[in-house]
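Enquirer: Here's a structure for you.
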Amino acid sequence: MTNRKVVPFNPLAKRHLGESVGQGMLRQAVVPLIDLSAFDGAGIYAIYYTGGFQGYEVIAERNRNQRFGVPIYVGKAVPKGARKGGDLEATPGKVLYNRLKQHAKSIEEASNLDIADFHCRYLIVDDIWIPLGESLLIAKFNPLWNKLIDGFGNHDPGKGRHAGLRPRWDVLHPGRPWADRCETRDETAEQIVSEARDYLRNNPPPDDTTMITT
């Protein structure tokens with residue numbers, strides 16, 4: 001009989017550090033996306049949907065019944081220049097708030113979404129831990145707008161740079177002026193809705209309370 005190899009617990013392992021940040025975010029209060037007040041800081045966030053858009057029924061019902069347990073999108077906001085390294089003591093400004101306001105604008109410009117159906121949680125985090133927390137939350141929840149319907153977090157590529165395909169998110173939720181200038185995709189909104197339903201059927205979203213320990 002062979003002995004089972006036991007790996008000592010390492011509280012500083014990336015996975016456990018990421019879990020700590022993710023749990024901290026999921027303990028934050030839920031705020032209507034339209035009612036955000038300005039604040040300073042960088043960090044991570046989750047956006048929740050409760051409306052009636054076709055294809056999102058599973059997400060919306062779970063968020064209504066479980067009080068925002070299934071994010072439709074998870075993201076991060078890091079200070080400008082963070083990837084290149086810089087002043088570790090520099091203040092990040094309102095980068096997380098501005099990121100959430102950019103998302104709110106995208107939703108408001110969409111012709112078939114209502115900003116009143118969106119809420120968010122967010123956590124201000126020291127820069128070094130932000131990517132870990134975001135990665136952990138995306139791996140845990142497989143959010144639909146991160147995994148299948150890409151493009152929600154995209155920005156206007158700028159004048160003369162619209163030769164790329166229109167993001168799938170904008171095919172499904174038309175209205176952002178810059179996306180209308182991108183090349184048309186072969187996929188239709190109906191095809192993407194069908195894929196969304198299949199995706200949610202095959203990847204049932206977990207309840208976020210399974211990450212929260214007392």
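Simple scheme: letters A, B, ... for chains in structure tokens order, numbers from 1 for residues in each chain, numbers from 1 for ligands in the order shown.
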Hey, which bits of segment 12-71 of chain A sit within 10 Å of segment 116-125 of chain A, and for each residue what's the closest pair of atoms and how far apart in Å (one decimal), counting only C-alpha atoms, rows by chain and increasing number, as JSON lines?
Expert:
{"residue": "A:Val21", "atom": "CA", "partner": "A:Val125", "partner_atom": "CA", "distance": 7.8}
{"residue": "A:Gly22", "atom": "CA", "partner": "A:Leu123", "partner_atom": "CA", "distance": 8.9}
{"residue": "A:Gln23", "atom": "CA", "partner": "A:Leu123", "partner_atom": "CA", "distance": 9.9}
{"residue": "A:Gly24", "atom": "CA", "partner": "A:Leu123", "partner_atom": "CA", "distance": 7.1}
{"residue": "A:Met25", "atom": "CA", "partner": "A:Leu123", "partner_atom": "CA", "distance": 5.0}
{"residue": "A:Leu26", "atom": "CA", "partner": "A:Arg121", "partner_atom": "CA", "distance": 7.1}
{"residue": "A:Arg27", "atom": "CA", "partner": "A:Arg121", "partner_atom": "CA", "distance": 8.5}
{"residue": "A:Gln28", "atom": "CA", "partner": "A:Arg121", "partner_atom": "CA", "distance": 6.0}
{"residue": "A:Ala29", "atom": "CA", "partner": "A:Arg121", "partner_atom": "CA", "distance": 6.2}
{"residue": "A:Val30", "atom": "CA", "partner": "A:Arg121", "partner_atom": "CA", "distance": 5.0}
{"residue": "A:Val31", "atom": "CA", "partner": "A:Cys120", "partner_atom": "CA", "distance": 5.3}
{"residue": "A:Pro32", "atom": "CA", "partner": "A:His119", "partner_atom": "CA", "distance": 4.2}
{"residue": "A:Leu33", "atom": "CA", "partner": "A:His119", "partner_atom": "CA", "distance": 4.7}
{"residue": "A:Ile34", "atom": "CA", "partner": "A:Ala116", "partner_atom": "CA", "distance": 6.8}
{"residue": "A:Asp35", "atom": "CA", "partner": "A:His119", "partner_atom": "CA", "distance": 9.1}
{"residue": "A:Leu36", "atom": "CA", "partner": "A:Cys120", "partner_atom": "CA", "distance": 9.2}
{"residue": "A:Phe39", "atom": "CA", "partner": "A:Ile124", "partner_atom": "CA", "distance": 9.7}
{"residue": "A:Asp40", "atom": "CA", "partner": "A:Ile124", "partner_atom": "CA", "distance": 8.5}
{"residue": "A:Gly41", "atom": "CA", "partner": "A:Ile124", "partner_atom": "CA", "distance": 5.7}
{"residue": "A:Ala42", "atom": "CA", "partner": "A:Ile124", "partner_atom": "CA", "distance": 5.4}
{"residue": "A:Gly43", "atom": "CA", "partner": "A:Ile124", "partner_atom": "CA", "distance": 4.4}
{"residue": "A:Ile44", "atom": "CA", "partner": "A:Leu123", "partner_atom": "CA", "distance": 5.5}
{"residue": "A:Tyr45", "atom": "CA", "partner": "A:Tyr122", "partner_atom": "CA", "distance": 4.0}
{"residue": "A:Ala46", "atom": "CA", "partner": "A:Arg121", "partner_atom": "CA", "distance": 5.3}
{"residue": "A:Ile47", "atom": "CA", "partner": "A:Cys120", "partner_atom": "CA", "distance": 4.4}
{"residue": "A:Tyr48", "atom": "CA", "partner": "A:His119", "partner_atom": "CA", "distance": 5.1}
{"residue": "A:Tyr49", "atom": "CA", "partner": "A:Phe118", "partner_atom": "CA", "distance": 4.8}
{"residue": "A:Thr50", "atom": "CA", "partner": "A:Asp117", "partner_atom": "CA", "distance": 5.1}
{"residue": "A:Gly51", "atom": "CA", "partner": "A:Asp117", "partner_atom": "CA", "distance": 5.0}
{"residue": "A:Gly52", "atom": "CA", "partner": "A:Asp117", "partner_atom": "CA", "distance": 8.6}
{"residue": "A:Phe53", "atom": "CA", "partner": "A:Asp117", "partner_atom": "CA", "distance": 10.0}
{"residue": "A:Ala60", "atom": "CA", "partner": "A:Asp117", "partner_atom": "CA", "distance": 9.0}
{"residue": "A:Asn63", "atom": "CA", "partner": "A:His119", "partner_atom": "CA", "distance": 9.9}
{"residue": "A:Phe68", "atom": "CA", "partner": "A:His119", "partner_atom": "CA", "distance": 8.3}
{"residue": "A:Pro71", "atom": "CA", "partner": "A:Cys120", "partner_atom": "CA", "distance": 8.5}
Enquirer: DSSP on the backbone, then: every residue of segment 77-146 of chain A marked strand (DSSP E or B), written as a list in words.
Expert: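 Residues of segment 77-146 of chain A classed as strand (DSSP E or B): Ala77, Phe118, His119, Cys120, Arg121, Tyr122, Leu123 and Ile124 of chain A.
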Enquirer: Trp145 of chain A: which residues within 7 Å, counting only C-alpha atoms, same-chain residues fewer than 4 positions away excluded, as number ranges by chain?
Expert: A: 72-73, 149-150, 152
Enquirer: Limited to all heavy atoms, could you put the picked residues into a file as a compact mmCIF listing (two decimals), in the first residue's frame?
Expert:
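again.txt was written with the following content:
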# COMPACT_ATOMS: atom_id res chain seq x y z
N ILE A 72 -22.73 38.39 -14.15
CA ILE A 72 -22.71 38.23 -15.60
C ILE A 72 -21.37 38.70 -16.15
O ILE A 72 -20.98 38.35 -17.26
CB ILE A 72 -23.87 39.02 -16.24
CG1 ILE A 72 -24.10 38.56 -17.69
CG2 ILE A 72 -23.64 40.54 -16.18
CD1 ILE A 72 -25.39 39.09 -18.29
N TYR A 73 -20.62 39.47 -15.34
CA TYR A 73 -19.31 39.97 -15.77
C TYR A 73 -18.46 40.25 -14.55
O TYR A 73 -18.95 40.74 -13.53
CB TYR A 73 -19.46 41.25 -16.59
CG TYR A 73 -18.18 41.76 -17.19
CD1 TYR A 73 -17.64 41.16 -18.33
CD2 TYR A 73 -17.50 42.84 -16.64
CE1 TYR A 73 -16.45 41.63 -18.89
CE2 TYR A 73 -16.32 43.32 -17.20
CZ TYR A 73 -15.81 42.70 -18.32
OH TYR A 73 -14.64 43.18 -18.88
N ILE A 149 -19.70 35.82 -24.50
CA ILE A 149 -20.14 37.01 -25.24
C ILE A 149 -19.11 38.11 -24.98
O ILE A 149 -19.26 38.93 -24.08
CB ILE A 149 -21.56 37.43 -24.82
CG1 ILE A 149 -22.53 36.26 -25.02
CG2 ILE A 149 -22.02 38.64 -25.62
CD1 ILE A 149 -23.91 36.50 -24.47
N ASP A 150 -18.06 38.10 -25.78
CA ASP A 150 -16.94 38.99 -25.54
C ASP A 150 -17.21 40.40 -26.06
O ASP A 150 -18.05 40.62 -26.92
CB ASP A 150 -15.68 38.45 -26.22
CG ASP A 150 -15.81 38.49 -27.74
OD1 ASP A 150 -16.55 37.65 -28.27
OD2 ASP A 150 -15.18 39.36 -28.38
N PHE A 152 -17.79 43.35 -24.02
CA PHE A 152 -18.44 44.31 -23.14
C PHE A 152 -17.44 45.34 -22.61
O PHE A 152 -17.73 46.53 -22.55
CB PHE A 152 -19.11 43.59 -21.97
CG PHE A 152 -19.67 44.51 -20.92
CD1 PHE A 152 -20.63 45.45 -21.23
CD2 PHE A 152 -19.24 44.42 -19.59
CE1 PHE A 152 -21.16 46.29 -20.26
CE2 PHE A 152 -19.75 45.25 -18.62
CZ PHE A 152 -20.71 46.19 -18.94
Enquirer: From the list A:Gly93, A:Pro174, A:Pro79, A:Gly164, which residue is nearest Asp127 of chain A when using only C-alpha atoms?
Expert: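 That would be A:Pro79, the residue with the smallest distance to Asp127 of chain A.
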